[in-house]
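Asker: Below you'll find the structure I mean.
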Amino acid sequence: MSGAEDIKPYDLHEEKGAQVEQMFDSIAPAYDFMNNAMTFGLHRYWRNRALAMLAGELRGKRRLRMLDVACGTGDVTFHLRRLFGDQTQIEGIDLSSGMLAIARKRLASMPEADRRAITFVEGDCLALPYESSSYDAVTVAYGVRNFADLRAGYAEMRRVLKPGGILCVIELCEPRGAFMRAGYRFYSRRIIPLVGRAVSGDKSAYTYLPQSIAACPQRESMTALMEEAGLCQAGYVTLFPGAIAIYMARK
């Protein structure tokens, strides 16, 4: 266990997975707006940097099959499609029907070629409904800290990767510098919960957010957990303002 499993949105005595599903169903209508507002639009830069790194690792490969775990409203899924083009098949999986409803609505407005290339599935990220060694790449953006069992989640993602396949994880972390860390903690623990409650109407979801970030393994602890789950060559980079980390590992 990593410690993040003990942080739950609503009831410490109830199973985490069901609570996370309930939470994301609750905040789904406000999710994209809050992501943009909370990060001042930087989440797009972080996403683009992470997926550009992934593209560099996969350079020269064609007819890729990709899986976007905890895909939410499909932001990373759709960007993978734009980045990798027509020869890529992409599945997005999430446990929240509310988030997936928004992703599917967005997909329905896209060209037919995109609709054929992208599939969204409701399912448990700890029990992926896919055969072993199926995917060239797996992505997770801001999702692993919500797993009920993080090590098991990494082991499951490793299972579905092809030999040599790449796992790319984007996750929030606390800045290391004392000044930036103090500012981050004030913003994440005071400002975000107030705005989140006002916009989403969920009193607990945006209080859970900074708690889940603080409890989740970060930097070297995260890469160590990846390797404990059987992944290799795990590494990370942090991006401005030191509150975001991009983790890459191979099967």
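Each chain of the structure tokens is named A, B, ... in the order shown, its residues numbered from 1; ligands are numbered from 1 in display order.
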Which residues of stretch 102-212 of chain A have any atom within 9 Å of an atom in stretch 60-66 of chain A when counting only C-alpha atoms, and what is the closest pair of atoms for each, with the distance in Å to one decimal? Order the rows by chain and rising number and write it as a Markdown table.
Answerer:
| residue | atom | partner | partner_atom | distance |
| --- | --- | --- | --- | --- |
| A:Ser134 | CA | A:Arg65 | CA | 7.5 |
| A:Tyr135 | CA | A:Arg65 | CA | 5.2 |
| A:Asp136 | CA | A:Arg65 | CA | 5.6 |
| A:Ala137 | CA | A:Met66 | CA | 5.0 |
| A:Val138 | CA | A:Met66 | CA | 5.8 |
| A:Thr139 | CA | A:Met66 | CA | 7.9 |
Asker: Using backbone DSSP assignments, extract all strand (DSSP E or B) residues from stretch 3-94 of chain A; output them as a PyMOL selection string.
Answerer: chain A and resi 65-69+89-94
Asker: Let me see the file: selected residues, N, CA and C atoms, as a PDB file, in the first residue's frame.
Answerer:
ATOM      1  N   ARG A  65      -1.595   0.891 -30.932  1.00  0.00           N
ATOM      2  CA  ARG A  65      -2.794   0.725 -30.129  1.00  0.00           C
ATOM      3  C   ARG A  65      -2.492   1.295 -28.746  1.00  0.00           C
ATOM      4  N   MET A  66      -3.361   2.214 -28.280  1.00  0.00           N
ATOM      5  CA  MET A  66      -3.106   2.928 -27.043  1.00  0.00           C
ATOM      6  C   MET A  66      -4.303   2.833 -26.108  1.00  0.00           C
ATOM      7  N   LEU A  67      -3.997   2.888 -24.815  1.00  0.00           N
ATOM      8  CA  LEU A  67      -5.032   2.846 -23.784  1.00  0.00           C
ATOM      9  C   LEU A  67      -4.858   4.040 -22.866  1.00  0.00           C
ATOM     10  N   ASP A  68      -5.923   4.823 -22.705  1.00  0.00           N
ATOM     11  CA  ASP A  68      -5.928   5.961 -21.792  1.00  0.00           C
ATOM     12  C   ASP A  68      -6.732   5.572 -20.551  1.00  0.00           C
ATOM     13  N   VAL A  69      -6.028   5.307 -19.474  1.00  0.00           N
ATOM     14  CA  VAL A  69      -6.640   4.839 -18.224  1.00  0.00           C
ATOM     15  C   VAL A  69      -7.105   6.042 -17.405  1.00  0.00           C
ATOM     16  N   GLN A  89      -5.280   3.311 -32.926  1.00  0.00           N
ATOM     17  CA  GLN A  89      -6.539   2.959 -32.265  1.00  0.00           C
ATOM     18  C   GLN A  89      -6.378   3.260 -30.778  1.00  0.00           C
ATOM     19  N   ILE A  90      -7.373   3.924 -30.202  1.00  0.00           N
ATOM     20  CA  ILE A  90      -7.273   4.373 -28.816  1.00  0.00           C
ATOM     21  C   ILE A  90      -8.509   3.954 -28.048  1.00  0.00           C
ATOM     22  N   GLU A  91      -8.305   3.315 -26.903  1.00  0.00           N
ATOM     23  CA  GLU A  91      -9.386   3.030 -25.975  1.00  0.00           C
ATOM     24  C   GLU A  91      -9.205   3.903 -24.733  1.00  0.00           C
ATOM     25  N   GLY A  92     -10.302   4.476 -24.283  1.00  0.00           N
ATOM     26  CA  GLY A  92     -10.309   5.193 -23.014  1.00  0.00           C
ATOM     27  C   GLY A  92     -11.181   4.437 -22.035  1.00  0.00           C
ATOM     28  N   ILE A  93     -10.695   4.287 -20.805  1.00  0.00           N
ATOM     29  CA  ILE A  93     -11.469   3.568 -19.793  1.00  0.00           C
ATOM     30  C   ILE A  93     -11.554   4.411 -18.526  1.00  0.00           C
ATOM     31  N   ASP A  94     -12.736   4.413 -17.912  1.00  0.00           N
ATOM     32  CA  ASP A  94     -12.955   5.164 -16.680  1.00  0.00           C
ATOM     33  C   ASP A  94     -14.092   4.501 -15.924  1.00  0.00           C
TER      34      ASP A  94
END
Asker: Can you pull out every residue within 8 Å of stretch 242-245 of chain A, counting only C-alpha atoms, but drop anything in the same chain fewer than 3 positions away, and send it as an mmCIF file with C-alpha atoms, in the first residue's frame?
Answerer:
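Just written: out_21.cif:
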data_model
loop_
_atom_site.group_PDB
_atom_site.id
_atom_site.type_symbol
_atom_site.label_atom_id
_atom_site.label_comp_id
_atom_site.auth_asym_id
_atom_site.auth_seq_id
_atom_site.Cartn_x
_atom_site.Cartn_y
_atom_site.Cartn_z
ATOM 1 C CA TRP A 46 1.700 19.722 -19.091
ATOM 2 C CA ILE A 170 0.966 12.688 -15.476
ATOM 3 C CA GLU A 171 0.411 13.394 -11.795
ATOM 4 C CA LEU A 172 0.385 16.328 -9.422
ATOM 5 C CA CYS A 173 2.992 16.619 -6.678
ATOM 6 C CA GLU A 174 4.114 19.107 -4.051
ATOM 7 C CA PRO A 175 6.947 21.507 -5.001
ATOM 8 C CA ARG A 176 10.263 20.877 -3.248
ATOM 9 C CA MET A 180 6.852 27.409 -3.791
ATOM 10 C CA TYR A 184 1.157 25.717 -3.334
ATOM 11 C CA ARG A 219 9.163 11.490 -7.725
ATOM 12 C CA TYR A 236 10.418 11.334 -14.180
ATOM 13 C CA VAL A 237 10.672 15.023 -14.960
ATOM 14 C CA THR A 238 8.975 17.859 -13.100
ATOM 15 C CA LEU A 239 7.491 20.908 -14.793
#
Asker: Near A:Glu220, counting only C-alpha atoms, which residues have an atom at most 9 Å away, once you skip same-chain residues fewer than 4 positions from it, shown as a list of chain:residue names?
Answerer: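 Listed by chain and then number, they are A:Ala224, A:Leu225, A:Gly235, A:Tyr236.
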Asker: Please provide the set of residues having any atom within 9 Å of A:Leu209, restricted to only C-alpha atoms, with same-chain residues fewer than 2 positions apart removed, written as a short mmCIF file (atom, residue, chain, number, x, y, z; two decimals) with all heavy atoms, in the first residue's frame.
Answerer:
data_model
loop_
_atom_site.label_atom_id
_atom_site.label_comp_id
_atom_site.auth_asym_id
_atom_site.auth_seq_id
_atom_site.Cartn_x
_atom_site.Cartn_y
_atom_site.Cartn_z
N PRO A 9 -12.63 10.35 -0.61
CA PRO A 9 -13.40 11.59 -0.75
C PRO A 9 -14.45 11.82 0.33
O PRO A 9 -14.69 12.96 0.73
CB PRO A 9 -14.08 11.43 -2.12
CG PRO A 9 -13.27 10.43 -2.85
CD PRO A 9 -12.74 9.49 -1.80
N SER A 188 -3.75 25.24 -2.74
CA SER A 188 -4.46 23.98 -2.91
C SER A 188 -5.37 23.65 -1.73
O SER A 188 -6.41 23.02 -1.91
CB SER A 188 -3.46 22.83 -3.13
OG SER A 188 -2.66 22.63 -1.97
N ARG A 189 -5.00 24.11 -0.53
CA ARG A 189 -5.77 23.73 0.65
C ARG A 189 -6.80 24.78 1.07
O ARG A 189 -7.73 24.46 1.82
CB ARG A 189 -4.82 23.45 1.82
CG ARG A 189 -3.88 22.28 1.54
CD ARG A 189 -2.92 22.03 2.68
NE ARG A 189 -1.96 20.98 2.33
CZ ARG A 189 -1.05 20.48 3.17
NH1 ARG A 189 -1.00 20.92 4.43
NH2 ARG A 189 -0.21 19.54 2.78
N ILE A 192 -8.56 26.37 -3.65
CA ILE A 192 -9.22 25.37 -4.51
C ILE A 192 -10.47 24.78 -3.87
O ILE A 192 -11.51 24.67 -4.54
CB ILE A 192 -8.22 24.28 -4.92
CG1 ILE A 192 -7.25 24.85 -5.97
CG2 ILE A 192 -8.94 23.05 -5.48
CD1 ILE A 192 -6.18 23.89 -6.41
N PRO A 193 -10.44 24.38 -2.58
CA PRO A 193 -11.69 23.84 -2.00
C PRO A 193 -12.84 24.83 -2.03
O PRO A 193 -13.99 24.46 -2.29
CB PRO A 193 -11.28 23.49 -0.56
CG PRO A 193 -9.81 23.22 -0.65
CD PRO A 193 -9.30 24.20 -1.65
N SER A 204 -16.88 17.91 -0.63
CA SER A 204 -15.74 17.07 -0.27
C SER A 204 -14.71 16.88 -1.37
O SER A 204 -13.53 16.69 -1.10
CB SER A 204 -16.24 15.68 0.17
OG SER A 204 -17.07 15.78 1.30
N ALA A 205 -15.15 16.93 -2.64
CA ALA A 205 -14.28 16.54 -3.74
C ALA A 205 -13.00 17.35 -3.81
O ALA A 205 -11.90 16.81 -3.98
CB ALA A 205 -15.03 16.65 -5.07
N TYR A 206 -13.12 18.68 -3.66
CA TYR A 206 -11.94 19.52 -3.83
C TYR A 206 -11.18 19.75 -2.53
O TYR A 206 -10.15 20.41 -2.52
CB TYR A 206 -12.33 20.83 -4.53
CG TYR A 206 -12.66 20.57 -5.98
CD1 TYR A 206 -13.96 20.35 -6.40
CD2 TYR A 206 -11.65 20.51 -6.93
CE1 TYR A 206 -14.26 20.08 -7.73
CE2 TYR A 206 -11.93 20.24 -8.26
CZ TYR A 206 -13.23 20.03 -8.65
OH TYR A 206 -13.52 19.75 -9.97
N THR A 207 -11.68 19.17 -1.44
CA THR A 207 -10.88 19.02 -0.23
C THR A 207 -10.05 17.75 -0.33
O THR A 207 -8.88 17.71 0.08
CB THR A 207 -11.78 18.98 1.01
OG1 THR A 207 -12.52 20.20 1.09
CG2 THR A 207 -10.95 18.81 2.28
N GLN A 211 -5.41 16.57 -0.42
CA GLN A 211 -5.06 15.47 0.49
C GLN A 211 -4.54 14.27 -0.28
O GLN A 211 -3.56 13.62 0.12
CB GLN A 211 -6.29 15.07 1.32
CG GLN A 211 -6.77 16.14 2.28
CD GLN A 211 -8.08 15.76 2.97
OE1 GLN A 211 -8.78 14.83 2.55
NE2 GLN A 211 -8.40 16.47 4.03
N SER A 212 -5.17 13.96 -1.41
CA SER A 212 -4.75 12.81 -2.21
C SER A 212 -3.39 13.05 -2.86
O SER A 212 -2.59 12.12 -3.01
CB SER A 212 -5.80 12.49 -3.28
OG SER A 212 -5.88 13.52 -4.25
N ILE A 213 -3.10 14.29 -3.23
CA ILE A 213 -1.80 14.62 -3.81
C ILE A 213 -0.70 14.43 -2.76
O ILE A 213 0.33 13.82 -3.02
CB ILE A 213 -1.78 16.05 -4.35
CG1 ILE A 213 -2.77 16.20 -5.51
CG2 ILE A 213 -0.37 16.45 -4.81
CD1 ILE A 213 -3.06 17.63 -5.89
N ALA A 214 -0.92 14.97 -1.56
CA ALA A 214 0.08 14.87 -0.50
C ALA A 214 0.36 13.43 -0.10
O ALA A 214 1.49 13.07 0.25
CB ALA A 214 -0.37 15.69 0.71
#
Asker: So that I can check the surroundings of A:Val199, please list as number ranges by chain every protein, DNA and RNA residue that reaches within 9 Å of it, counting only C-alpha atoms and ignoring chain neighbours fewer than 6 positions away.
Answerer: A: 27, 30, 33-34
Asker: Just the number, please: distance in Å from atom CA of A:Leu128 to atom CA of A:Leu161, one decimal.
Answerer: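 Between these atoms lies a distance of 11.4 Å.
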